[in-house]
Structure formats: structure tokens, C-alpha cells
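As stored in work04.csv (CSV, C-alpha atoms):
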```
chain,number,residue,atom,x,y,z
A,9,MET,CA,125.2,81.6,128.2
A,10,LYS,CA,127.2,81.9,131.4
A,11,ASN,CA,128.4,78.3,131.3
A,12,GLN,CA,129.2,78.6,127.6
A,13,GLY,CA,131.3,81.8,128.3
A,14,ASN,CA,133.2,80.2,131.1
A,15,THR,CA,134.0,77.0,129.1
A,16,ALA,CA,135.5,79.1,126.3
A,17,ALA,CA,137.2,81.2,129.0
A,18,VAL,CA,139.1,78.3,130.4
A,19,VAL,CA,140.4,77.2,127.0
A,20,LEU,CA,141.5,80.8,126.2
A,21,PHE,CA,143.2,81.3,129.5
A,22,LEU,CA,145.2,78.1,129.2
A,23,VAL,CA,147.0,79.5,126.1
A,24,THR,CA,147.6,83.1,127.1
A,25,LEU,CA,151.4,82.7,127.3
A,26,ILE,CA,153.4,81.6,124.3
A,27,ALA,CA,156.9,82.6,125.3
A,28,CYS,CA,159.8,83.2,123.0
A,29,GLY,CA,160.4,80.3,120.7
A,30,PHE,CA,160.8,78.9,117.2
A,31,TRP,CA,158.2,77.4,114.9
A,32,SER,CA,158.4,76.6,111.2
A,33,SER,CA,156.3,78.5,108.7
A,34,PRO,CA,157.5,82.0,107.8
A,35,ALA,CA,155.1,85.0,107.5
A,36,LEU,CA,156.4,87.5,105.1
A,37,CYS,CA,155.7,91.2,105.0
A,38,LYS,CA,154.4,92.2,101.6
A,39,GLY,CA,154.9,95.7,100.2
A,40,ALA,CA,155.4,99.0,101.8
A,41,CYS,CA,153.6,99.4,105.1
A,42,ILE,CA,155.0,102.6,106.6
A,43,GLU,CA,152.1,105.1,107.3
A,44,GLU,CA,152.1,108.8,107.6
A,45,ALA,CA,155.0,110.3,109.6
A,46,ALA,CA,154.5,108.2,112.8
A,47,PRO,CA,157.1,109.3,115.3
A,48,GLY,CA,160.0,106.9,115.6
A,49,ILE,CA,158.7,104.3,113.2
A,50,GLY,CA,160.7,103.2,110.2
A,51,ALA,CA,161.8,100.3,108.1
A,52,VAL,CA,163.6,97.4,109.6
A,53,PRO,CA,167.3,98.4,109.8
A,54,ALA,CA,169.6,96.7,107.3
A,55,SER,CA,171.9,95.6,110.1
A,56,MET,CA,169.2,93.3,111.5
A,57,GLU,CA,169.4,89.5,111.0
A,58,PRO,CA,167.9,88.4,107.7
A,59,GLY,CA,165.0,86.6,109.4
A,60,TYR,CA,163.7,89.8,110.9
A,61,LYS,CA,164.0,91.6,107.6
A,62,ARG,CA,162.1,88.9,105.8
A,63,ALA,CA,159.3,88.6,108.3
A,64,PHE,CA,158.8,92.3,109.3
A,65,CYS,CA,158.6,95.6,107.5
A,66,LYS,CA,158.2,98.2,110.3
A,67,TYR,CA,160.5,98.8,113.2
A,68,THR,CA,160.9,101.0,116.3
A,69,LYS,CA,162.7,100.7,119.6
A,70,VAL,CA,163.0,101.7,123.2
A,71,VAL,CA,166.6,102.7,123.9
A,72,ALA,CA,167.8,101.6,127.4
A,73,PRO,CA,169.9,103.9,129.5
A,74,ASN,CA,173.0,102.0,128.5
A,75,GLY,CA,172.4,103.0,124.8
A,76,ASN,CA,171.3,99.6,123.6
A,77,PRO,CA,167.9,99.0,122.0
A,78,ILE,CA,164.9,97.0,123.0
A,79,HIS,CA,163.5,96.0,119.5
A,80,ILE,CA,159.9,96.3,118.3
A,81,PHE,CA,159.2,94.7,114.9
A,82,ALA,CA,155.8,94.8,113.1
A,83,GLN,CA,154.2,93.2,110.1
A,84,ASP,CA,152.3,95.0,107.4
A,85,LYS,CA,148.8,94.7,108.9
A,86,ILE,CA,149.8,96.3,112.2
A,87,THR,CA,148.8,100.0,112.2
A,88,ASP,CA,151.2,102.7,113.3
A,89,LEU,CA,148.8,103.5,116.2
A,90,GLN,CA,148.9,99.9,117.3
A,91,MET,CA,152.7,100.0,117.1
A,92,LEU,CA,152.9,103.2,119.1
A,93,ARG,CA,150.6,101.9,121.7
A,94,ALA,CA,152.7,98.8,122.2
A,95,LYS,CA,155.8,101.0,122.5
A,96,GLY,CA,154.0,103.2,125.0
A,97,VAL,CA,153.0,100.2,127.2
A,98,LEU,CA,156.6,99.0,127.1
A,99,GLU,CA,157.8,102.4,128.1
A,100,HIS,CA,155.1,102.5,130.8
A,101,TYR,CA,156.5,99.4,132.5
A,102,LEU,CA,160.0,100.9,132.3
A,103,THR,CA,159.1,104.3,133.6
A,104,ASP,CA,160.6,105.0,137.0
A,105,CYS,CA,158.0,104.9,139.8
A,106,PRO,CA,159.3,107.4,142.5
A,107,GLY,CA,159.1,106.1,146.1
A,108,SER,CA,158.4,102.5,145.1
A,109,LEU,CA,160.3,99.6,146.6
A,110,TYR,CA,161.7,98.2,143.3
A,111,GLY,CA,160.7,100.8,140.7
A,112,GLU,CA,162.5,103.9,142.0
A,113,ASP,CA,165.1,103.5,139.3
A,114,LYS,CA,164.2,101.0,136.5
A,115,SER,CA,167.4,101.6,134.5
A,116,ALA,CA,168.8,98.2,135.5
A,117,VAL,CA,165.7,96.4,134.2
A,118,ALA,CA,165.8,98.3,130.9
A,119,ASN,CA,169.5,97.7,130.5
A,120,ARG,CA,169.1,94.0,131.3
A,121,MET,CA,166.4,93.7,128.7
A,122,ALA,CA,168.6,95.3,126.0
A,123,ASP,CA,171.6,93.1,127.0
A,124,ASN,CA,169.4,90.0,126.9
A,125,GLY,CA,168.3,90.8,123.4
A,126,ALA,CA,164.6,91.5,124.2
A,127,ALA,CA,162.4,91.8,121.1
A,128,LEU,CA,158.7,92.4,120.7
A,129,LEU,CA,157.1,90.9,117.6
A,130,LEU,CA,153.9,92.4,116.4
A,131,LEU,CA,152.3,89.8,114.2
A,132,ASN,CA,149.4,89.9,111.7
A,133,GLY,CA,146.2,88.1,112.5
A,134,SER,CA,145.2,86.2,115.6
A,135,ASP,CA,147.0,83.9,118.0
A,136,ASP,CA,146.3,80.3,116.8
A,137,ARG,CA,148.9,78.7,119.1
A,138,TRP,CA,151.5,78.7,116.3
A,139,PHE,CA,154.4,81.0,116.1
A,140,PRO,CA,154.5,82.0,112.4
A,141,VAL,CA,158.1,83.4,112.1
A,142,ARG,CA,161.5,81.8,112.4
A,143,VAL,CA,163.0,84.4,114.7
A,144,GLU,CA,163.1,84.8,118.5
A,145,GLY,CA,160.9,87.2,120.3
A,146,GLN,CA,157.8,87.8,122.4
A,147,PRO,CA,154.7,87.6,120.1
A,148,LEU,CA,151.7,90.0,120.3
A,149,TYR,CA,149.1,89.7,117.6
A,150,GLN,CA,147.2,92.3,115.6
A,151,ASP,CA,143.8,91.2,116.9
A,152,GLU,CA,145.1,91.6,120.5
A,153,ILE,CA,146.2,95.2,120.3
A,154,GLN,CA,143.5,97.6,121.1
A,155,VAL,CA,143.9,101.4,120.4
A,156,GLU,CA,142.1,103.9,122.7
A,157,GLY,CA,139.0,105.2,120.9
A,158,GLY,CA,139.0,102.4,118.4
A,159,GLU,CA,136.0,100.1,118.0
A,160,TRP,CA,137.6,97.2,119.8
A,161,TYR,CA,138.5,99.4,122.8
A,162,MET,CA,135.2,101.1,123.1
A,163,ASN,CA,133.2,97.9,122.9
A,164,GLN,CA,135.4,95.7,125.1
A,165,ASP,CA,134.6,92.5,123.1
A,166,TYR,CA,136.5,89.8,125.0
A,167,GLU,CA,135.6,87.1,122.6
A,168,HIS,CA,137.2,88.5,119.4
A,169,HIS,CA,139.6,91.3,120.4
A,170,ARG,CA,140.7,90.9,124.0
A,171,ASP,CA,143.4,93.5,124.8
A,172,ALA,CA,146.5,91.3,125.4
A,173,THR,CA,149.0,94.2,125.0
A,174,PHE,CA,149.7,94.6,128.7
A,175,GLU,CA,150.0,90.8,129.3
A,176,GLU,CA,152.4,90.0,126.5
A,177,ILE,CA,154.6,93.0,127.0
A,178,LEU,CA,154.7,92.3,130.7
A,179,HIS,CA,156.0,88.8,129.8
A,180,LEU,CA,158.8,90.5,127.8
A,181,VAL,CA,159.7,92.7,130.7
A,182,HIS,CA,159.5,89.9,133.2
A,183,ASP,CA,161.5,87.3,131.3
A,184,PHE,CA,164.2,89.6,129.9
A,185,GLY,CA,164.4,92.3,132.6
A,186,ILE,CA,163.0,91.6,136.0
A,187,GLY,CA,164.2,88.0,135.7
A,188,VAL,CA,162.6,84.7,136.6
A,189,ASP,CA,164.0,82.3,139.2
A,190,GLY,CA,164.5,78.6,138.2
A,191,PRO,CA,165.3,76.8,134.9
A,192,HIS,CA,164.9,78.1,131.4
A,193,SER,CA,165.5,81.7,132.5
A,194,LEU,CA,167.8,84.6,131.7
A,195,PRO,CA,169.7,86.6,134.2
A,196,GLY,CA,167.4,89.3,135.7
A,197,ALA,CA,167.9,92.6,137.4
A,198,LEU,CA,165.4,92.3,140.3
A,199,PRO,CA,165.6,88.9,142.1
A,200,GLY,CA,164.0,90.4,145.2
A,201,LEU,CA,160.9,91.4,143.3
A,202,GLN,CA,160.8,88.0,141.6
A,203,ALA,CA,161.0,86.3,145.0
A,204,ARG,CA,157.9,88.3,146.1
A,205,ILE,CA,156.1,87.4,142.8
A,206,ARG,CA,156.9,83.7,143.3
A,207,VAL,CA,155.7,83.6,146.9
A,208,ALA,CA,152.4,85.3,145.9
A,209,GLN,CA,152.0,83.0,142.9
A,210,GLN,CA,152.5,79.9,145.1
A,211,HIS,CA,150.0,81.2,147.6
A,212,ALA,CA,147.5,81.9,144.7
A,213,LEU,CA,147.9,78.4,143.2
A,214,ALA,CA,147.6,76.6,146.5
A,215,ASN,CA,144.4,78.6,147.4
A,216,GLY,CA,142.6,78.4,144.1
A,217,LEU,CA,143.1,82.1,143.2
A,218,MET,CA,144.2,81.1,139.7
A,219,GLY,CA,141.2,79.1,139.1
A,220,ASP,CA,140.6,75.4,138.8
A,221,LEU,CA,143.6,74.7,136.5
A,222,PRO,CA,143.9,71.2,135.2
A,223,GLU,CA,146.8,69.3,136.6
A,224,GLU,CA,148.4,68.8,133.2
A,225,VAL,CA,148.4,72.6,132.6
A,226,VAL,CA,150.0,73.2,136.0
A,227,ASP,CA,152.6,70.5,135.1
A,228,GLU,CA,153.2,72.1,131.7
A,229,TRP,CA,153.7,75.6,133.2
A,230,THR,CA,155.9,74.2,135.8
A,231,ARG,CA,158.1,72.6,133.2
A,232,GLU,CA,158.2,75.8,131.2
A,233,ASN,CA,158.8,77.8,134.4
A,234,SER,CA,156.0,80.2,133.4
A,235,LEU,CA,153.7,80.0,136.5
A,236,SER,CA,154.9,83.2,138.0
A,237,GLN,CA,154.7,85.0,134.7
A,238,GLU,CA,151.1,83.9,134.1
A,239,TYR,CA,150.1,84.9,137.6
A,240,LEU,CA,151.7,88.3,137.5
A,241,ALA,CA,150.0,89.0,134.2
A,242,ALA,CA,146.6,88.2,135.7
A,243,VAL,CA,147.3,90.5,138.6
A,244,VAL,CA,148.5,93.4,136.4
A,245,ASP,CA,145.6,93.1,133.9
A,246,SER,CA,143.1,93.4,136.8
A,247,TRP,CA,145.1,96.2,138.4
A,248,TYR,CA,144.7,98.3,135.2
A,249,GLY,CA,141.0,97.5,134.7
A,250,LEU,CA,141.3,95.3,131.6
A,251,TRP,CA,138.8,92.8,133.0
A,252,GLY,CA,136.5,95.4,134.6
A,253,ALA,CA,133.9,95.0,131.9
A,254,TRP,CA,134.0,91.2,131.8
A,255,PRO,CA,130.3,90.3,131.9
A,256,TRP,CA,130.2,86.7,133.2
A,257,ASN,CA,131.4,87.0,136.8
A,258,ASP,CA,133.6,89.0,139.2
A,259,ARG,CA,136.8,87.2,138.1
A,260,GLY,CA,139.5,88.2,135.7
A,261,MET,CA,141.5,86.4,132.9
A,262,TYR,CA,138.4,84.9,131.3
A,263,GLY,CA,137.0,84.0,134.7
A,264,GLN,CA,140.0,82.1,135.9
A,265,TYR,CA,141.7,84.7,138.2
A,266,CYS,CA,140.1,85.6,141.5
A,267,ALA,CA,139.6,89.3,140.8
A,268,LYS,CA,138.9,91.6,137.8
A,269,ASP,CA,139.5,95.0,139.4
A,270,ARG,CA,141.4,96.7,142.2
A,271,LYS,CA,138.7,96.2,144.7
A,272,GLY,CA,138.6,92.5,144.0
A,273,LEU,CA,142.3,92.3,144.2
A,274,ARG,CA,142.5,93.8,147.6
A,275,GLN,CA,139.6,91.6,148.8
A,276,ASN,CA,140.6,88.3,147.2
A,277,ASP,CA,144.3,88.4,146.7
A,278,PRO,CA,145.9,90.8,149.2
A,279,MET,CA,149.4,89.5,148.3
A,280,GLY,CA,148.8,90.3,144.7
A,281,ALA,CA,147.5,93.7,145.6
A,282,ALA,CA,150.5,94.4,147.7
A,283,MET,CA,152.8,93.8,144.7
A,284,MET,CA,150.9,96.6,142.9
A,285,ASP,CA,150.9,99.1,145.7
A,286,ASN,CA,154.1,101.2,145.6
A,287,THR,CA,156.3,98.2,144.7
A,288,PHE,CA,157.2,98.5,141.0
A,289,PHE,CA,154.0,99.3,139.1
A,290,HIS,CA,152.4,102.8,138.7
A,291,PRO,CA,148.8,103.4,140.0
A,292,TYR,CA,148.0,105.0,136.6
A,293,LEU,CA,149.1,104.6,133.0
A,294,THR,CA,152.1,106.8,132.1
A,295,TYR,CA,152.0,106.6,128.3
A,296,ASN,CA,150.3,109.2,126.1
A,297,ALA,CA,147.3,107.5,124.6
A,298,ARG,CA,146.7,108.5,121.0
A,299,ILE,CA,142.9,108.3,120.4
A,300,ASP,CA,142.0,106.6,117.2
A,301,PRO,CA,141.3,109.1,114.4
A,302,GLY,CA,137.9,107.5,113.7
A,303,PHE,CA,136.7,108.4,117.1
A,304,GLU,CA,134.0,111.0,117.5
A,305,GLY,CA,132.1,112.0,120.6
A,306,THR,CA,133.3,112.2,124.2
A,307,PHE,CA,136.2,110.1,125.4
A,308,SER,CA,135.8,109.8,129.2
A,309,LEU,CA,138.8,109.4,131.5
A,310,ARG,CA,136.3,109.2,134.4
A,311,PHE,CA,134.8,105.9,135.3
A,312,ASP,CA,131.2,105.4,134.2
A,313,PRO,CA,129.7,101.9,134.7
A,314,GLU,CA,127.6,102.5,131.6
A,315,LEU,CA,130.7,102.9,129.5
A,316,PRO,CA,132.6,99.5,129.4
A,317,TYR,CA,135.9,101.0,128.3
A,318,THR,CA,136.2,103.4,131.3
A,319,HIS,CA,137.1,100.4,133.5
A,320,HIS,CA,140.4,100.8,131.8
A,321,ALA,CA,140.4,104.4,130.6
A,322,ARG,CA,140.0,105.6,134.2
A,323,TYR,CA,143.7,105.0,134.7
A,324,LEU,CA,144.9,107.1,131.7
A,325,LYS,CA,146.2,110.6,132.4
A,326,ASP,CA,147.6,111.8,129.1
A,327,VAL,CA,145.8,111.7,125.8
A,328,THR,CA,146.2,113.0,122.3
A,329,LEU,CA,143.3,113.3,119.9
A,330,THR,CA,144.3,112.3,116.4
A,331,GLY,CA,142.7,112.9,113.0
A,332,ASP,CA,140.2,115.7,112.3
A,333,ARG,CA,136.9,114.8,113.9
A,334,SER,CA,135.6,117.1,116.6
A,335,SER,CA,135.8,115.2,119.9
A,336,ASN,CA,135.6,115.8,123.6
A,337,VAL,CA,137.6,114.6,126.6
A,338,ARG,CA,136.1,114.2,130.1
A,339,VAL,CA,138.9,114.5,132.7
A,340,ASN,CA,139.5,112.4,135.8
A,341,GLY,CA,141.2,113.0,139.1
A,342,TYR,CA,144.8,112.7,137.8
A,343,ASN,CA,146.9,115.6,136.5
A,344,ASN,CA,145.9,115.2,132.8
A,345,ASP,CA,147.9,116.3,129.7
A,346,ILE,CA,145.4,116.7,126.9
A,347,THR,CA,146.2,117.6,123.3
A,348,GLY,CA,143.5,118.3,120.7
A,349,ASN,CA,143.4,117.4,117.0
A,350,SER,CA,142.6,119.6,113.9
A,351,GLY,CA,138.8,119.5,114.7
A,352,LYS,CA,136.9,121.4,117.4
A,353,ASN,CA,137.8,119.9,120.7
A,354,THR,CA,136.1,120.3,124.1
A,355,VAL,CA,137.3,119.4,127.6
A,356,LEU,CA,134.6,118.7,130.2
A,357,PHE,CA,135.0,119.4,133.9
A,358,SER,CA,132.9,118.2,136.9
A,359,GLY,CA,132.5,121.5,138.8
A,360,ASN,CA,131.4,125.1,138.4
A,361,TYR,CA,133.6,127.6,136.6
A,362,ALA,CA,134.5,129.6,139.7
A,363,GLU,CA,136.0,126.5,141.4
A,364,TYR,CA,138.9,126.4,138.8
A,365,THR,CA,142.0,128.5,138.2
A,366,ILE,CA,142.8,129.0,134.5
A,367,ARG,CA,146.2,130.2,133.4
A,368,LEU,CA,147.8,130.7,130.0
A,369,ARG,CA,151.1,129.0,129.8
A,370,SER,CA,154.1,129.3,127.4
A,371,GLY,CA,153.8,127.3,124.2
A,372,PHE,CA,150.2,128.2,123.7
A,373,SER,CA,148.9,125.8,126.3
A,374,ILE,CA,146.6,126.5,129.2
A,375,ARG,CA,146.5,125.1,132.7
A,376,VAL,CA,143.2,124.4,134.4
A,377,GLU,CA,143.5,123.6,138.1
A,378,ASP,CA,140.5,122.3,140.1
A,379,GLY,CA,140.2,124.0,143.5
A,380,VAL,CA,138.3,121.0,144.9
A,381,SER,CA,140.6,118.3,145.9
A,382,ASN,CA,140.3,114.7,144.6
A,383,ARG,CA,138.1,115.7,141.7
A,384,ASP,CA,139.6,117.0,138.4
A,385,GLY,CA,143.2,117.6,139.3
A,386,ILE,CA,145.5,119.9,137.3
A,387,ASN,CA,145.1,119.8,133.5
A,388,THR,CA,147.5,121.0,130.8
A,389,LEU,CA,145.6,121.6,127.6
A,390,ARG,CA,146.9,122.2,124.0
A,391,ASP,CA,144.9,122.8,120.9
A,392,ILE,CA,141.6,122.8,122.8
A,393,GLU,CA,138.9,125.2,121.8
A,394,VAL,CA,136.2,124.9,124.4
A,395,LEU,CA,136.0,124.3,128.2
A,396,THR,CA,132.7,123.0,129.6
A,397,PHE,CA,131.9,123.4,133.3
A,398,GLN,CA,128.7,122.6,135.0
A,399,ASP,CA,127.5,126.2,134.9
A,400,ARG,CA,129.4,127.7,132.0
A,401,VAL,CA,130.8,127.0,128.5
A,402,LEU,CA,134.1,128.9,127.9
A,403,VAL,CA,135.2,129.3,124.3
A,404,LEU,CA,138.9,130.0,124.2
A,405,GLY,CA,140.3,132.8,122.1
A,406,SER,CA,142.5,132.1,119.1
A,407,GLU,CA,145.6,133.3,121.0
A,408,THR,CA,145.4,130.1,123.2
```
Show me the file's structure as C-alpha cells.
Amino acid sequence: MKNQGNTAAVVLFLVTLIACGFWSSPALCKGACIEEAAPGIGAVPASMEPGYKRAFCKYTKVVAPNGNPIHIFAQDKITDLQMLRAKGVLEHYLTDCPGSLYGEDKSAVANRMADNGAALLLLNGSDDRWFPVRVEGQPLYQDEIQVEGGEWYMNQDYEHHRDATFEEILHLVHDFGIGVDGPHSLPGALPGLQARIRVAQQHALANGLMGDLPEEVVDEWTRENSLSQEYLAAVVDSWYGLWGAWPWNDRGMYGQYCAKDRKGLRQNDPMGAAMMDNTFFHPYLTYNARIDPGFEGTFSLRFDPELPYTHHARYLKDVTLTGDRSSNVRVNGYNNDITGNSGKNTVLFSGNYAEYTIRLRSGFSIRVEDGVSNRDGINTLRDIEVLTFQDRVLVLGSET
């Protein structure tokens, strides 16, 4: 089984980047596909080029500081939650990272993306190495977009529904915003950061950290000028725990990259780890994760080796329960912002009741602050009915 998994892994890894391009057969959106009142999602604007209007039926955008949009188009089988998650990941990459070397102010990156015409294309089905629309953009497929709390996310099934959201959206930010040195590239905003990425990529390739790539693949990526993008995506995926539950070995990106988590990054690719530490990328995920409405049970933000999804969920800090099923959230060490749904919701803490300070805040939210450092952090809770501590269950009154 191990050899079989690794053989498939090599094939899949070699096709992870399909950059912006043009192929022949159109994929039309059929019928209305706007769901219930998803914030910021609407029909494709009439002002868009005809190709986008023919191929897509849903649209949202991230507006850069200069007022220009970074477009997100979706076909009819993309759910609103998938679309909102993709938008959230894009916003995460563009959220300022205070105190970081290149991410203190990311407005130049966002502005450059908008000025370069960056567009994210959310496509039905799976990536079969063909680009099914006649418009330009970065593809991300339906079967590659996991939603927190959904079956794909909870099970972490790498064979059928690997979460490629972070990788493909990073390619968009890298190609259109940060900028790539060399041929076939657009003007970028952060040549200094790209220089560091390139040096780390060259070191990784020379020292086998990107796996035993066939010579023809290296030649192809060199011609495409996509080596640094592929390398950075492998590093970022491992940084955010996307490969933590990979069962075959201690490597990421289907066994090709030298690390699958932060510990492995620091041990096996210190130059890659250095790019993640206070350089441009956040240590946690900044977007608000909307938990799938079909989820029921306890969603853990704290790492548990028995729960595969927590390799990734451990880096979330803000979550919103959707739907009407009664669900629980277990907090982690970040300062969490947790919003309940219309069911009965419980938030679970690690310590005893007396170790926390609980305050009612304006807007009918409560603040729960852990008095023990590096454990449960400071939590802002809305629409939560029950708090569970190790020694006490606190049922909140209707006024909260």
C-alpha cells in the first residue's frame, strides 16, 4: 500500500500547478445558482467580458486598497460556502502581518494583483489537466475546495478531495502580486521577497528537498518559470498543516516535499521555515471559517492526533457555526472569535471555572479570558448557550 500511495503521489504532485492559460472547450453555467443570502455573492456583472458571463454564474471580489477588484468567478456546482472560503483564503494572504519583514503593509501586493487583472476561477468537477473555459484566470476546482466541518475536511481524504485551496490561491497571489523573477512573469510588488523564495527554492531543488523530480519535469517547470511557485506552495501547505494527516510518510505534497508540518519544516528545510517566520505569512489563519451546516458534534480548534482535521484546524482562530444543528467548539491557544448558529451551542475550555474571567460585552457577546498563559487565550463568544469547563457547566442566561 505504501508504494502504491507514493506512486500515485508522484503523478499527482507533478500536475499541481496549472497556471493561467487558454484551452478550447467551454464549460457553461446552467440555470440559477445563487444560494441563500450569502454575503457578497451575486451574479456575474454585466460589465464583464462575454466569456466570463458565459462560463460562470456567480461572482464576488476582494477590493484592493486602490479601489480596483480582484475577481472571483464560480460555476454552478460551487457552493456558496466553498466560494466564501476561497475568498477568505485570498483575504488571508492579503491581510497585513504586523511586524513582519515584507507583510507589514500588503496594500502594494493587493493593488498589483488588481492592476494585473488577477482572477480566481472556481470550476465544476475535478482537475483533469484540461482548462475547460476560454478565459484567463487561476483555476481551482470544486473537488479541491474543502469547507471546515464538511465531510471532505473532517476525513482528510487525500486521494479524492485534497484541499488545494491554499496552493492555487497562493499561485494567484504569487504570480499577480508578489511577482516572479525571470521570463513569463508580470510586474510584482515584492522583488525582495521573491529573491528569498528563489534562493530557498534553488537550495531545496539542489538538495533533494522537493523530492526526486524527473529531469523532464524540472525542465518543464524551468521553461514555465514555475519552480519557485511550486516550491512556495509546498512550504505554505505544510506550514498550515494541510499535510499533517498524510498517512504514508513524514513528507508533504503527496510525499514529494521534505516536510508535512512545522516541526518537519524547521528540521528539514530551515530556509523554507525562515520564509514563514515573521516574513510575510501569518502563524495562524486569519479568515472566519464558516462551519458546514451539516456538521454536528464538537469541532476542535485544538490539535488532537486522533482527529485528522485538527492538523489544519489548530491554526484557525475565528469560526462561525452555520445551519441549525447543535454543535460544540473546543478552543485553542489563540484569541478566538466564535459565533453560534440557531441550535444549542457549547464552547469547551481546558481548565477549571475559577481560572477564567468572564465578562459581558456590548452587542450581546461575552469575553472569556483564560488566566493560565498559553492555554485557551481570550475568547469572544456570540450566540453561545453553554460554557463547559473541566469542573463546571455554565448555562448562559437569555440576556447574553
Open item on the list: Please list as a list in words every residue within 9 Å of Val117 in chain A, counting all atoms listed in the file and excluding residues in the same chain fewer than 3 positions away.
Closed with: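 So, after excluding close chain neighbours, the residues are Ala72, Leu102, Asp113, Lys114, Arg120, Met121, Ala122, Val181, Phe184, Gly185, Ile186, Gly187, Gly196, Ala197 and Leu198 of chain A.
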Restricted to C-alpha atoms, what would the selected residues look like written as a tab-separated table (two decimals), in the frame of the given file?
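Output file result-v6.tsv is given in full below:
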```tsv
chain	number	residue	atom	x	y	z
A	72	ALA	CA	167.80	101.60	127.40
A	102	LEU	CA	160.00	100.90	132.30
A	113	ASP	CA	165.10	103.50	139.30
A	114	LYS	CA	164.20	101.00	136.50
A	120	ARG	CA	169.10	94.00	131.30
A	121	MET	CA	166.40	93.70	128.70
A	122	ALA	CA	168.60	95.30	126.00
A	181	VAL	CA	159.70	92.70	130.70
A	184	PHE	CA	164.20	89.60	129.90
A	185	GLY	CA	164.40	92.30	132.60
A	186	ILE	CA	163.00	91.60	136.00
A	187	GLY	CA	164.20	88.00	135.70
A	196	GLY	CA	167.40	89.30	135.70
A	197	ALA	CA	167.90	92.60	137.40
A	198	LEU	CA	165.40	92.30	140.30
```
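The coordinates place CA of Ala94 in chain A at 17.0 Å from CA of His290 in chain A.
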Open item on the list: So the first atom is CA of Ile49 in chain A and the second is CA of Ala116 in chain A; what is the distance between them in Å, to one decimal place?
Closed with: 25.2 Å
Open item on the list: Nearest residue to Gly348 in chain A out of A:Leu221, A:Val71, A:Val155, A:Ile392, using only C-alpha atoms?
Closed with: A:Ile392
Task: A:Pro147, A:Gly260, A:Pro53, A:Pro301 ranked by distance to Asp88 in chain A, top pick (using all atoms listed in the file) - done: A:Pro301
